[in-house]
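Structure file start-v9.txt (compact mmCIF, C-alpha atoms) follows.
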# COMPACT_ATOMS: atom_id res chain seq x y z
CA MET A 20 64.24 -107.74 99.11
CA GLU A 21 65.96 -110.98 99.96
CA ILE A 22 69.18 -111.66 98.12
CA ARG A 23 70.64 -115.13 98.25
CA GLU A 24 74.32 -115.65 97.69
CA LYS A 25 75.04 -119.26 96.92
CA LYS A 26 78.16 -118.51 94.94
CA LYS A 27 80.78 -116.28 96.41
CA THR A 28 82.85 -116.33 93.24
CA GLY A 29 80.62 -114.17 90.99
CA PRO A 30 80.10 -110.40 91.09
CA LYS A 31 78.11 -108.91 93.99
CA PRO A 32 74.36 -109.34 93.41
CA ASN A 33 72.83 -106.13 92.12
CA PRO A 34 69.16 -105.32 92.91
CA ASP A 35 68.65 -103.73 89.48
CA THR A 36 70.03 -106.81 87.73
CA ARG A 37 67.72 -108.96 89.84
CA LYS A 38 64.67 -106.87 88.92
CA ASN A 39 65.70 -106.95 85.28
CA ILE A 40 65.94 -110.76 85.27
CA VAL A 41 62.46 -110.96 86.85
CA GLN A 42 61.03 -108.63 84.21
CA VAL A 43 62.64 -110.65 81.40
CA GLY A 44 61.25 -113.86 82.97
CA LEU A 45 57.80 -112.32 83.24
CA LYS A 46 57.78 -111.43 79.56
CA MET A 47 59.13 -114.80 78.43
CA PHE A 48 57.00 -117.00 80.72
CA HIS A 49 53.92 -115.07 79.70
CA GLU A 50 54.66 -115.28 75.99
CA GLU A 51 56.18 -118.75 75.74
CA GLY A 52 55.10 -120.63 78.86
CA TYR A 53 57.07 -121.95 81.82
CA SER A 54 58.46 -125.20 80.40
CA ALA A 55 59.23 -123.73 76.98
CA THR A 56 61.38 -121.00 78.56
CA GLY A 57 64.86 -122.02 79.62
CA ILE A 58 67.11 -120.22 82.07
CA GLN A 59 69.62 -119.93 79.21
CA GLY A 60 67.15 -117.87 77.18
CA ILE A 61 66.35 -115.66 80.14
CA VAL A 62 69.95 -114.83 80.98
CA GLU A 63 70.70 -114.15 77.30
CA GLN A 64 67.77 -111.73 77.08
CA ALA A 65 68.73 -110.14 80.39
CA GLY A 66 72.36 -109.86 79.29
CA VAL A 67 73.83 -111.58 82.34
CA PRO A 68 76.06 -114.67 82.56
CA LYS A 69 74.20 -117.89 83.31
CA GLY A 70 76.10 -118.53 86.51
CA SER A 71 74.92 -115.23 87.96
CA PHE A 72 71.25 -116.33 87.70
CA TYR A 73 71.84 -118.79 90.50
CA GLY A 74 73.41 -116.07 92.54
CA TYR A 75 69.99 -114.41 92.54
CA PHE A 76 67.60 -117.37 92.49
CA LYS A 77 67.93 -120.84 93.98
CA SER A 78 66.02 -122.57 91.20
CA LYS A 79 63.75 -122.04 88.21
CA GLU A 80 60.84 -122.86 90.54
CA GLU A 81 61.74 -120.15 93.02
CA PHE A 82 62.28 -117.75 90.14
CA GLY A 83 58.84 -118.69 88.78
CA ARG A 84 57.29 -117.85 92.12
CA GLU A 85 58.91 -114.41 92.07
CA VAL A 86 57.79 -113.80 88.51
CA ILE A 87 54.21 -114.52 89.58
CA ASP A 88 54.61 -112.01 92.43
CA ALA A 89 55.83 -109.38 89.96
CA TYR A 90 52.98 -110.13 87.56
CA SER A 91 50.44 -109.88 90.37
CA GLU A 92 51.89 -106.64 91.70
CA ARG A 93 51.68 -105.02 88.28
CA GLY A 94 48.12 -106.24 87.67
CA LEU A 95 46.89 -105.17 91.08
CA ILE A 96 47.74 -101.55 90.30
CA LYS A 97 45.21 -101.53 87.45
CA LEU A 98 42.66 -103.62 89.38
CA LYS A 99 42.71 -101.32 92.42
CA GLU A 100 42.84 -98.15 90.34
CA ILE A 101 39.56 -99.07 88.65
CA LEU A 102 37.72 -100.96 91.42
CA LYS A 103 38.45 -98.35 94.07
CA ASP A 104 37.53 -95.36 91.92
CA THR A 105 34.60 -94.08 93.96
CA ARG A 106 33.53 -91.62 91.26
CA LYS A 107 31.70 -94.57 89.69
CA SER A 108 29.15 -96.95 91.23
CA PRO A 109 30.63 -100.34 92.27
CA LEU A 110 28.90 -102.16 89.42
CA LYS A 111 30.11 -99.60 86.88
CA ARG A 112 33.64 -100.03 88.22
CA LEU A 113 33.49 -103.80 87.74
CA GLU A 114 32.24 -103.32 84.23
CA ALA A 115 34.92 -100.73 83.50
CA TYR A 116 37.59 -103.16 84.69
CA PHE A 117 36.53 -105.93 82.33
CA ASP A 118 36.06 -103.46 79.46
CA ASP A 119 39.61 -102.29 80.05
CA ARG A 120 40.91 -105.89 80.05
CA ILE A 121 38.96 -106.79 76.91
CA GLU A 122 40.53 -103.83 75.11
CA ALA A 123 43.96 -104.89 76.35
CA PHE A 124 43.51 -108.44 75.05
CA GLU A 125 42.26 -107.09 71.75
CA ARG A 126 45.51 -105.15 71.42
CA LEU A 127 47.41 -108.39 72.15
CA ASN A 128 45.48 -110.13 69.39
CA PHE A 129 43.90 -112.38 72.06
CA THR A 130 47.15 -114.02 73.13
CA LYS A 131 48.95 -114.57 76.45
CA GLY A 132 45.92 -114.77 78.74
CA CYS A 133 46.40 -114.50 82.50
CA MET A 134 49.61 -115.81 83.99
CA PHE A 135 47.77 -117.14 87.06
CA GLY A 136 45.67 -119.33 84.80
CA ASN A 137 48.65 -120.33 82.67
CA PHE A 138 50.71 -121.40 85.66
CA SER A 139 47.70 -123.16 87.23
CA SER A 140 47.39 -125.18 84.05
CA GLU A 141 51.05 -125.84 83.38
CA VAL A 142 52.88 -125.76 86.70
CA ALA A 143 50.50 -126.15 89.69
CA ASP A 144 50.45 -129.97 89.54
CA HIS A 145 54.24 -130.14 89.58
CA SER A 146 55.35 -127.45 92.03
CA PRO A 147 53.82 -127.11 95.50
CA MET A 148 55.72 -123.83 95.90
CA ILE A 149 54.20 -122.26 92.80
CA ARG A 150 50.80 -123.80 93.51
CA GLU A 151 50.71 -122.19 96.95
CA ASN A 152 51.64 -118.84 95.49
CA LEU A 153 48.85 -119.15 92.92
CA THR A 154 46.36 -119.94 95.69
CA GLU A 155 47.44 -116.79 97.51
CA GLN A 156 47.27 -114.64 94.39
CA PHE A 157 43.82 -115.93 93.44
CA SER A 158 42.65 -115.16 96.98
CA ALA A 159 44.18 -111.69 97.05
CA TRP A 160 42.61 -110.76 93.71
CA SER A 161 39.28 -112.31 94.64
CA ARG A 162 39.19 -110.20 97.79
CA ILE A 163 39.45 -107.01 95.72
CA PHE A 164 36.53 -108.16 93.57
CA GLU A 165 34.67 -109.17 96.73
CA GLU A 166 35.02 -105.72 98.31
CA CYS A 167 33.59 -104.08 95.23
CA ILE A 168 30.71 -106.60 95.04
CA ARG A 169 29.97 -106.09 98.74
CA GLU A 170 29.74 -102.36 98.11
CA ALA A 171 27.39 -103.03 95.18
CA GLN A 172 25.22 -105.13 97.50
CA GLU A 173 25.19 -102.40 100.14
CA ARG A 174 23.98 -99.95 97.51
CA ASN A 175 21.36 -102.45 96.29
CA GLU A 176 22.95 -102.66 92.87
CA VAL A 177 23.33 -106.41 93.43
CA SER A 178 21.19 -108.82 95.48
CA ASP A 179 22.80 -109.81 98.77
CA ALA A 180 21.34 -113.32 98.66
CA ILE A 181 24.79 -114.79 97.96
CA HIS A 182 27.96 -113.97 99.89
CA PRO A 183 30.15 -111.54 97.92
CA ALA A 184 33.16 -113.85 98.34
CA SER A 185 31.37 -116.63 96.44
CA ILE A 186 30.30 -114.27 93.69
CA ALA A 187 33.85 -112.91 93.44
CA ASN A 188 35.34 -116.41 93.13
CA PHE A 189 32.88 -117.48 90.47
CA LEU A 190 33.39 -114.24 88.55
CA PHE A 191 37.19 -114.52 88.62
CA ASN A 192 37.21 -118.22 87.71
CA SER A 193 34.77 -117.70 84.86
CA TRP A 194 36.96 -114.91 83.54
CA GLU A 195 39.95 -117.28 83.55
CA GLY A 196 37.93 -119.79 81.54
CA ALA A 197 36.77 -117.13 79.09
CA LEU A 198 40.43 -116.23 78.51
CA LEU A 199 41.25 -119.84 77.59
CA ARG A 200 38.48 -119.95 75.02
CA MET A 201 39.50 -116.50 73.75
CA ARG A 202 42.97 -117.87 73.01
CA ALA A 203 41.61 -120.95 71.26
CA GLU A 204 39.26 -118.87 69.12
CA LYS A 205 41.34 -115.70 68.79
CA SER A 206 38.16 -113.80 69.39
CA LYS A 207 36.63 -111.53 71.97
CA LYS A 208 33.32 -113.37 71.81
CA PRO A 209 34.02 -115.48 74.96
CA LEU A 210 34.87 -112.28 76.85
CA LEU A 211 31.67 -110.58 75.74
CA GLU A 212 29.68 -113.68 76.67
CA PHE A 213 31.35 -113.61 80.07
CA LYS A 214 30.22 -110.01 80.53
CA ARG A 215 26.72 -110.77 79.35
CA PHE A 216 26.17 -113.53 81.92
CA ILE A 217 28.09 -111.98 84.79
CA PHE A 218 26.33 -108.62 84.52
CA GLY A 219 23.00 -109.96 83.26
CA LYS A 220 22.57 -113.05 85.45
CA VAL A 221 25.08 -113.17 88.29
CA LEU A 222 25.51 -109.56 89.42
CA VAL A 223 21.80 -108.81 89.61
CA MET B 8 43.20 -143.77 59.31
CA GLU B 9 45.88 -141.93 57.42
CA ILE B 10 49.32 -143.45 57.62
CA ARG B 11 52.24 -141.43 56.44
CA GLU B 12 55.43 -143.09 55.34
CA LYS B 13 58.24 -140.59 55.22
CA LYS B 14 60.93 -143.16 55.77
CA LYS B 15 60.98 -146.28 53.70
CA THR B 16 63.85 -147.78 55.67
CA GLY B 17 62.04 -148.61 58.94
CA PRO B 18 59.49 -151.33 59.60
CA LYS B 19 56.03 -151.03 58.01
CA PRO B 20 53.78 -148.66 60.02
CA ASN B 21 51.45 -150.61 62.26
CA PRO B 22 48.02 -149.15 63.17
CA ASP B 23 48.22 -150.64 66.69
CA THR B 24 51.64 -149.07 67.27
CA ARG B 25 50.25 -145.77 66.02
CA LYS B 26 47.30 -145.94 68.41
CA ASN B 27 49.60 -146.91 71.25
CA ILE B 28 51.88 -143.91 70.63
CA VAL B 29 48.81 -141.62 70.66
CA GLN B 30 47.60 -143.10 73.96
CA VAL B 31 51.04 -142.68 75.53
CA GLY B 32 51.14 -139.08 74.26
CA LEU B 33 47.70 -138.43 75.68
CA LYS B 34 48.74 -139.64 79.13
CA MET B 35 52.03 -137.74 79.12
CA PHE B 36 50.74 -134.45 77.66
CA HIS B 37 47.87 -134.51 80.13
CA GLU B 38 50.08 -135.21 83.12
CA GLU B 39 53.18 -133.21 82.24
CA GLY B 40 52.12 -130.67 79.65
CA TYR B 41 53.02 -130.26 75.98
CA SER B 42 56.40 -128.51 76.23
CA ALA B 43 57.57 -130.60 79.17
CA THR B 44 56.99 -133.83 77.22
CA GLY B 45 59.62 -134.73 74.65
CA ILE B 46 59.24 -137.14 71.75
CA GLN B 47 62.09 -139.12 73.30
CA GLY B 48 60.06 -139.76 76.46
CA ILE B 49 57.01 -140.75 74.42
CA VAL B 50 58.81 -143.31 72.27
CA GLU B 51 60.51 -144.76 75.34
CA GLN B 52 57.17 -145.19 77.10
CA ALA B 53 55.61 -146.59 73.94
CA GLY B 54 58.53 -148.96 73.44
CA VAL B 55 59.26 -147.92 69.87
CA PRO B 56 62.48 -146.58 68.32
CA LYS B 57 62.58 -142.79 67.99
CA GLY B 58 62.95 -142.90 64.22
CA SER B 59 59.68 -144.78 63.87
CA PHE B 60 57.76 -141.89 65.50
CA TYR B 61 58.35 -139.79 62.40
CA GLY B 62 57.12 -142.66 60.28
CA TYR B 63 53.75 -142.16 61.93
CA PHE B 64 53.65 -138.41 62.57
CA LYS B 65 55.16 -135.51 60.63
CA SER B 66 55.90 -133.40 63.69
CA LYS B 67 55.22 -132.99 67.40
CA GLU B 68 52.60 -130.41 66.43
CA GLU B 69 50.71 -132.82 64.19
CA PHE B 70 51.00 -135.47 66.87
CA GLY B 71 49.60 -133.00 69.41
CA ARG B 72 46.62 -132.41 67.18
CA GLU B 73 45.91 -136.13 67.00
CA VAL B 74 46.28 -136.49 70.75
CA ILE B 75 43.62 -133.81 71.21
CA ASP B 76 41.35 -135.72 68.82
CA ALA B 77 41.83 -138.91 70.87
CA TYR B 78 41.19 -137.03 74.12
CA SER B 79 38.03 -135.48 72.72
CA GLU B 80 36.75 -138.76 71.34
CA ARG B 81 37.16 -140.45 74.73
CA GLY B 82 35.50 -137.58 76.62
CA LEU B 83 32.59 -137.33 74.20
CA ILE B 84 31.56 -140.89 75.04
CA LYS B 85 30.90 -139.92 78.66
CA LEU B 86 29.40 -136.55 77.73
CA LYS B 87 26.90 -138.07 75.29
CA GLU B 88 26.15 -141.04 77.53
CA ILE B 89 24.98 -138.71 80.29
CA LEU B 90 23.50 -135.77 78.32
CA LYS B 91 21.50 -137.98 76.00
CA ASP B 92 20.11 -140.23 78.73
CA THR B 93 16.42 -139.43 78.31
CA ARG B 94 15.45 -141.23 81.52
CA LYS B 95 16.39 -138.00 83.29
CA SER B 96 15.19 -134.44 82.65
CA PRO B 97 17.68 -132.32 80.65
CA LEU B 98 18.61 -130.22 83.68
CA LYS B 99 19.18 -133.34 85.80
CA ARG B 100 21.41 -134.74 83.06
CA LEU B 101 23.54 -131.61 83.03
CA GLU B 102 23.84 -131.78 86.79
CA ALA B 103 24.68 -135.50 86.65
CA TYR B 104 27.45 -134.79 84.13
CA PHE B 105 29.18 -132.22 86.33
CA ASP B 106 28.71 -134.38 89.43
CA ASP B 107 30.40 -137.21 87.56
CA ARG B 108 33.29 -134.95 86.54
CA ILE B 109 33.69 -133.56 90.05
CA GLU B 110 33.98 -137.10 91.40
CA ALA B 111 36.51 -137.95 88.71
CA PHE B 112 38.67 -134.93 89.58
CA GLU B 113 38.43 -135.79 93.25
CA ARG B 114 39.86 -139.23 92.44
CA LEU B 115 42.69 -137.48 90.54
CA ASN B 116 43.41 -135.35 93.60
CA PHE B 117 42.36 -132.29 91.57
CA THR B 118 45.16 -132.55 89.03
CA LYS B 119 45.39 -132.62 85.21
CA GLY B 120 42.32 -130.52 84.40
CA CYS B 121 40.94 -130.50 80.87
CA MET B 122 43.34 -130.97 77.99
CA PHE B 123 41.45 -128.45 75.84
CA GLY B 124 42.08 -125.81 78.47
CA ASN B 125 45.69 -126.89 78.97
CA PHE B 126 46.49 -126.73 75.28
CA SER B 127 44.62 -123.42 74.92
CA SER B 128 46.83 -122.01 77.62
CA GLU B 129 50.12 -123.55 76.60
CA VAL B 130 50.01 -124.17 72.85
CA ALA B 131 47.26 -122.14 71.12
CA ASP B 132 49.36 -118.98 70.78
CA HIS B 133 52.18 -120.91 69.11
CA SER B 134 50.49 -123.40 66.81
CA PRO B 135 47.74 -122.38 64.37
CA MET B 136 47.16 -126.10 63.66
CA ILE B 137 46.50 -126.96 67.28
CA ARG B 138 44.58 -123.75 67.89
CA GLU B 139 42.18 -124.55 65.04
CA ASN B 140 41.64 -128.03 66.41
CA LEU B 141 40.87 -126.59 69.85
CA THR B 142 38.33 -124.21 68.31
CA GLU B 143 36.62 -127.16 66.64
CA GLN B 144 36.64 -129.27 69.80
CA PHE B 145 35.25 -126.45 71.92
CA SER B 146 32.48 -125.96 69.35
CA ALA B 147 31.67 -129.67 69.12
CA TRP B 148 31.43 -130.03 72.89
CA SER B 149 29.48 -126.80 73.26
CA ARG B 150 26.94 -128.07 70.75
CA ILE B 151 26.25 -131.14 72.93
CA PHE B 152 25.67 -128.87 75.92
CA GLU B 153 23.56 -126.59 73.75
CA GLU B 154 21.24 -129.44 72.65
CA CYS B 155 20.61 -130.42 76.24
CA ILE B 156 20.00 -126.79 77.28
CA ARG B 157 17.62 -126.31 74.34
CA GLU B 158 15.68 -129.37 75.52
CA ALA B 159 15.58 -127.92 79.03
CA GLN B 160 14.18 -124.69 77.58
CA GLU B 161 11.57 -126.57 75.59
CA ARG B 162 10.46 -128.29 78.79
CA ASN B 163 10.41 -124.97 80.66
CA GLU B 164 13.14 -126.11 83.01
CA VAL B 165 15.23 -123.14 81.85
CA SER B 166 14.12 -119.72 80.60
CA ASP B 167 14.45 -119.34 76.84
CA ALA B 168 15.31 -115.65 77.08
CA ILE B 169 18.92 -116.40 76.05
CA HIS B 170 19.98 -118.55 73.10
CA PRO B 171 21.06 -122.02 74.27
CA ALA B 172 24.33 -121.70 72.31
CA SER B 173 25.34 -118.66 74.40
CA ILE B 174 24.45 -120.41 77.63
CA ALA B 175 26.38 -123.51 76.54
CA ASN B 176 29.50 -121.46 75.72
CA PHE B 177 29.42 -119.59 79.00
CA LEU B 178 28.83 -122.80 80.95
CA PHE B 179 31.70 -124.63 79.26
CA ASN B 180 34.12 -121.71 79.56
CA SER B 181 33.26 -121.19 83.22
CA TRP B 182 33.88 -124.87 83.86
CA GLU B 183 37.34 -124.53 82.27
CA GLY B 184 38.09 -121.63 84.60
CA ALA B 185 36.83 -123.52 87.63
CA LEU B 186 39.24 -126.34 86.73
CA LEU B 187 42.18 -123.92 86.72
CA ARG B 188 41.32 -122.65 90.19
CA MET B 189 40.73 -126.25 91.35
CA ARG B 190 44.28 -127.10 90.37
CA ALA B 191 45.71 -124.04 92.10
CA GLU B 192 43.77 -124.76 95.30
CA LYS B 193 43.70 -128.57 95.13
CA SER B 194 40.10 -128.31 96.19
CA LYS B 195 36.67 -129.00 94.82
CA LYS B 196 35.35 -125.70 96.11
CA PRO B 197 35.68 -123.93 92.72
CA LEU B 198 33.76 -126.79 91.09
CA LEU B 199 30.98 -126.59 93.67
CA GLU B 200 30.84 -122.81 93.25
CA PHE B 201 30.58 -123.34 89.49
CA LYS B 202 27.59 -125.65 90.05
CA ARG B 203 25.96 -123.25 92.48
CA PHE B 204 25.99 -120.34 90.04
CA ILE B 205 25.32 -122.29 86.86
CA PHE B 206 22.34 -124.15 88.29
CA GLY B 207 21.20 -121.39 90.64
CA LYS B 208 21.62 -118.31 88.46
CA VAL B 209 22.33 -119.18 84.82
CA LEU B 210 20.19 -122.25 84.11
CA VAL B 211 17.01 -120.81 85.61
Here is the file; what I need is its structure written in the form of structure tokens.
Amino acid sequence: MEIREKKKTGPKPNPDTRKNIVQVGLKMFHEEGYSATGIQGIVEQAGVPKGSFYGYFKSKEEFGREVIDAYSERGLIKLKEILKDTRKSPLKRLEAYFDDRIEAFERLNFTKGCMFGNFSSEVADHSPMIRENLTEQFSAWSRIFEECIREAQERNEVSDAIHPASIANFLFNSWEGALLRMRAEKSKKPLLEFKRFIFGKVLV
Amino acid sequence: MEIREKKKTGPKPNPDTRKNIVQVGLKMFHEEGYSATGIQGIVEQAGVPKGSFYGYFKSKEEFGREVIDAYSERGLIKLKEILKDTRKSPLKRLEAYFDDRIEAFERLNFTKGCMFGNFSSEVADHSPMIRENLTEQFSAWSRIFEECIREAQERNEVSDAIHPASIANFLFNSWEGALLRMRAEKSKKPLLEFKRFIFGKVLV
């Protein structure tokens, strides 16, 4: 963990405080959006003085990048847990993953969506640093889907006519779009339609 | 056109001024996002005093809803022009529409995306008024896609095993997701992958 000390006047940076600020930022950015969330609100929620924020993070942009890392890290645990569970066939694992996510969004009353999508929509055009991080996260997640799809192809669950990387990208992007429509409609219908086409037409 | 007069002290509301403020809002919300754009910036760009904004619009939220209407109206012209052009087969029209959009996003250096998607991501959770408008816009646009897909089914260009409304929803949502990834990657690859799967696997 890299700790930047721009100000020598404040208290010594504390790794737990740093993690706590990132977790508060994750919650607030995900619920309210990037622009709607001010540093002032984050430090108040985290219970630290405003000045100390800049002892931990150079800028809101750099903080945003770290929040995306933390979001990705948390989500990858679930993704890998389900997609690498060899007790199920690869196709069943993919289906189990999306069923799990659909249930999770139902519990959230179809709000919040995916932070990668949210930041792509709101921040990517304005921050090369965050945009590059999003590119990396999309790639890293797509590769996990790709591995599972490749396995499904090897077991003849899915045709190998199309490269698993292409299928994985289309699947992931379509999911992001389904989440947008889910939020507009406050309904799981777009997610079920996603499943219907992905498992009925694409992963065949 | 409904003109609200909350303040009787300012100049008489002018329909051209009103339209101009909406056009400025459209440009700024699309480029910068909803939260990042303040009323102050809009009135400055539109060259009107801040007080007069509230002579035309009750709130930023109501203004946002009208901006979405204006965005939809403009986009529907292109959508209908291409999807109702009976000189081409329905499937060719659908392809022509997405080719046209891909070229347009290339000219924009893969920025901005679709305002329906942007507002779904940034605003839908926080404004029932805007969320309901997005639901209506998504439905209205999906119905145009649906009509064209139904025609394609009638001409046996596309299998009629799945209802054209479901196909239209999935197609539109997947496109929204492809636009998010396009913005993260600053690349047309996600749009080409969208076309490959939609025309190679879904519209078959």
At a cut-off of 9 Å, can you tabulate as CSV every residue of chain A near chain B together with its closest atom pair and the distance in Å to one decimal, using all atoms listed in the file and ordering rows by chain then number?
residue,atom,partner,partner_atom,distance
A:Glu50,CA,B:Asp132,CA,8.3
A:Glu51,CA,B:Glu129,CA,7.8
A:Gly52,CA,B:Glu129,CA,6.2
A:Tyr53,CA,B:Ser42,CA,8.6
A:Ser54,CA,B:Ala43,CA,5.6
A:Ala55,CA,B:Ser42,CA,5.6
A:Phe129,CA,B:Asp132,CA,8.7
A:Thr130,CA,B:Asp132,CA,5.9
A:Lys131,CA,B:Asp132,CA,7.2
A:Gly132,CA,B:Ser128,CA,7.4
A:Cys133,CA,B:Ser128,CA,9.0
A:Phe135,CA,B:Ala191,CA,8.8
A:Gly136,CA,B:Leu187,CA,6.1
A:Asn137,CA,B:Ser128,CA,5.6
A:Phe138,CA,B:Ala191,CA,8.6
A:Ser139,CA,B:Ala191,CA,5.3
A:Ser140,CA,B:Asn125,CA,5.6
A:Glu141,CA,B:Gly40,CA,6.2
A:Val142,CA,B:Gly40,CA,8.6
A:Ala143,CA,B:Ala191,CA,5.8
A:Asp144,CA,B:Thr118,CA,5.9
A:His145,CA,B:Glu39,CA,8.0
A:Ile149,CA,B:Ala191,CA,8.7
A:Arg150,CA,B:Ala191,CA,5.3
A:Glu151,CA,B:Ala191,CA,7.2
A:Asn152,CA,B:Ala191,CA,8.6
A:Leu153,CA,B:Ala191,CA,5.9
A:Thr154,CA,B:Glu192,CA,5.5
A:Phe157,CA,B:Arg188,CA,7.9
A:Ser185,CA,B:Glu200,CA,7.0
A:Ile186,CA,B:Phe204,CA,8.3
A:Asn188,CA,B:Pro197,CA,7.5
A:Phe189,CA,B:Glu200,CA,6.3
A:Leu190,CA,B:Ser181,CA,8.8
A:Phe191,CA,B:Gly184,CA,8.2
A:Asn192,CA,B:Gly184,CA,4.7
A:Ser193,CA,B:Ser181,CA,4.1
A:Trp194,CA,B:Gly184,CA,6.9
A:Glu195,CA,B:Gly184,CA,4.8
A:Gly196,CA,B:Gly184,CA,3.6
A:Ala197,CA,B:Asn180,CA,5.3
A:Leu198,CA,B:Asn180,CA,8.4
A:Leu199,CA,B:Ser127,CA,5.6
A:Arg200,CA,B:Asn180,CA,6.5
A:Met201,CA,B:Ser127,CA,8.7
A:Arg202,CA,B:Ser127,CA,6.1
A:Ala203,CA,B:Arg138,CA,5.3
A:Glu204,CA,B:Thr142,CA,5.5
A:Lys205,CA,B:Arg138,CA,8.7
A:Pro209,CA,B:Phe177,CA,7.4
A:Glu212,CA,B:Phe177,CA,6.4
A:Phe213,CA,B:Phe177,CA,6.4
A:Phe216,CA,B:Val209,CA,7.4
A:Lys220,CA,B:Lys208,CA,6.1
A:Val221,CA,B:Lys208,CA,6.2
Output of the above residues as a tab-separated table (two decimals), keeping the file's coordinate frame, restricted to C-alpha atoms:
chain	number	residue	atom	x	y	z
A	50	GLU	CA	54.66	-115.28	75.99
A	51	GLU	CA	56.18	-118.75	75.74
A	52	GLY	CA	55.10	-120.63	78.86
A	53	TYR	CA	57.07	-121.95	81.82
A	54	SER	CA	58.46	-125.20	80.40
A	55	ALA	CA	59.23	-123.73	76.98
A	129	PHE	CA	43.90	-112.38	72.06
A	130	THR	CA	47.15	-114.02	73.13
A	131	LYS	CA	48.95	-114.57	76.45
A	132	GLY	CA	45.92	-114.77	78.74
A	133	CYS	CA	46.40	-114.50	82.50
A	135	PHE	CA	47.77	-117.14	87.06
A	136	GLY	CA	45.67	-119.33	84.80
A	137	ASN	CA	48.65	-120.33	82.67
A	138	PHE	CA	50.71	-121.40	85.66
A	139	SER	CA	47.70	-123.16	87.23
A	140	SER	CA	47.39	-125.18	84.05
A	141	GLU	CA	51.05	-125.84	83.38
A	142	VAL	CA	52.88	-125.76	86.70
A	143	ALA	CA	50.50	-126.15	89.69
A	144	ASP	CA	50.45	-129.97	89.54
A	145	HIS	CA	54.24	-130.14	89.58
A	149	ILE	CA	54.20	-122.26	92.80
A	150	ARG	CA	50.80	-123.80	93.51
A	151	GLU	CA	50.71	-122.19	96.95
A	152	ASN	CA	51.64	-118.84	95.49
A	153	LEU	CA	48.85	-119.15	92.92
A	154	THR	CA	46.36	-119.94	95.69
A	157	PHE	CA	43.82	-115.93	93.44
A	185	SER	CA	31.37	-116.63	96.44
A	186	ILE	CA	30.30	-114.27	93.69
A	188	ASN	CA	35.34	-116.41	93.13
A	189	PHE	CA	32.88	-117.48	90.47
A	190	LEU	CA	33.39	-114.24	88.55
A	191	PHE	CA	37.19	-114.52	88.62
A	192	ASN	CA	37.21	-118.22	87.71
A	193	SER	CA	34.77	-117.70	84.86
A	194	TRP	CA	36.96	-114.91	83.54
A	195	GLU	CA	39.95	-117.28	83.55
A	196	GLY	CA	37.93	-119.79	81.54
A	197	ALA	CA	36.77	-117.13	79.09
A	198	LEU	CA	40.43	-116.23	78.51
A	199	LEU	CA	41.25	-119.84	77.59
A	200	ARG	CA	38.48	-119.95	75.02
A	201	MET	CA	39.50	-116.50	73.75
A	202	ARG	CA	42.97	-117.87	73.01
A	203	ALA	CA	41.61	-120.95	71.26
A	204	GLU	CA	39.26	-118.87	69.12
A	205	LYS	CA	41.34	-115.70	68.79
A	209	PRO	CA	34.02	-115.48	74.96
A	212	GLU	CA	29.68	-113.68	76.67
A	213	PHE	CA	31.35	-113.61	80.07
A	216	PHE	CA	26.17	-113.53	81.92
A	220	LYS	CA	22.57	-113.05	85.45
A	221	VAL	CA	25.08	-113.17	88.29
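Put simply, CA of Ser91 in chain A is 8.6 Å away from CA of Trp160 in chain A.
One distance worth recording is that between CA of Pro32 in chain A and CA of Gly74 in chain A, which is 6.9 Å.
For the set A:Gln172, A:Ser161, A:Gln42, A:Ser108, the residue with the smallest atom-to-atom gap to Tyr90 in chain A is A:Gln42, counting all atoms listed in the file.
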Which polymer residues have any atom within 8 Å of an atom of Pro97 in chain B, counting only C-alpha atoms, with same-chain residues fewer than 4 positions away left out, as a list in words? Leu90, Thr93, Leu101, Cys155, Ile156, Glu158 and Ala159 of chain B
Which neighbours of Tyr116 in chain A fall inside 7 Å, counting all atoms listed in the file, when residues of the same chain fewer than 4 positions from it are skipped, and could you give them as a PyMOL selection string? chain A and resi 98+101+112+120
What separates CA of Val67 in chain A and CA of Thr36 in chain A is a distance of 8.1 Å
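Nearest residue to Glu153 in chain B among B:Pro56, B:Asn27, B:Glu113, B:Leu98 is B:Leu98, counting only C-alpha atoms.
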Listed atoms of range 94-98 of chain A boxed axis-aligned with 3 Å per side, centre + edges as lines of an AutoDock Vina configuration file:
center_x = 45.4
center_y = -103.9
center_z = 89.3
size_x = 11.5
size_y = 10.7
size_z = 9.6
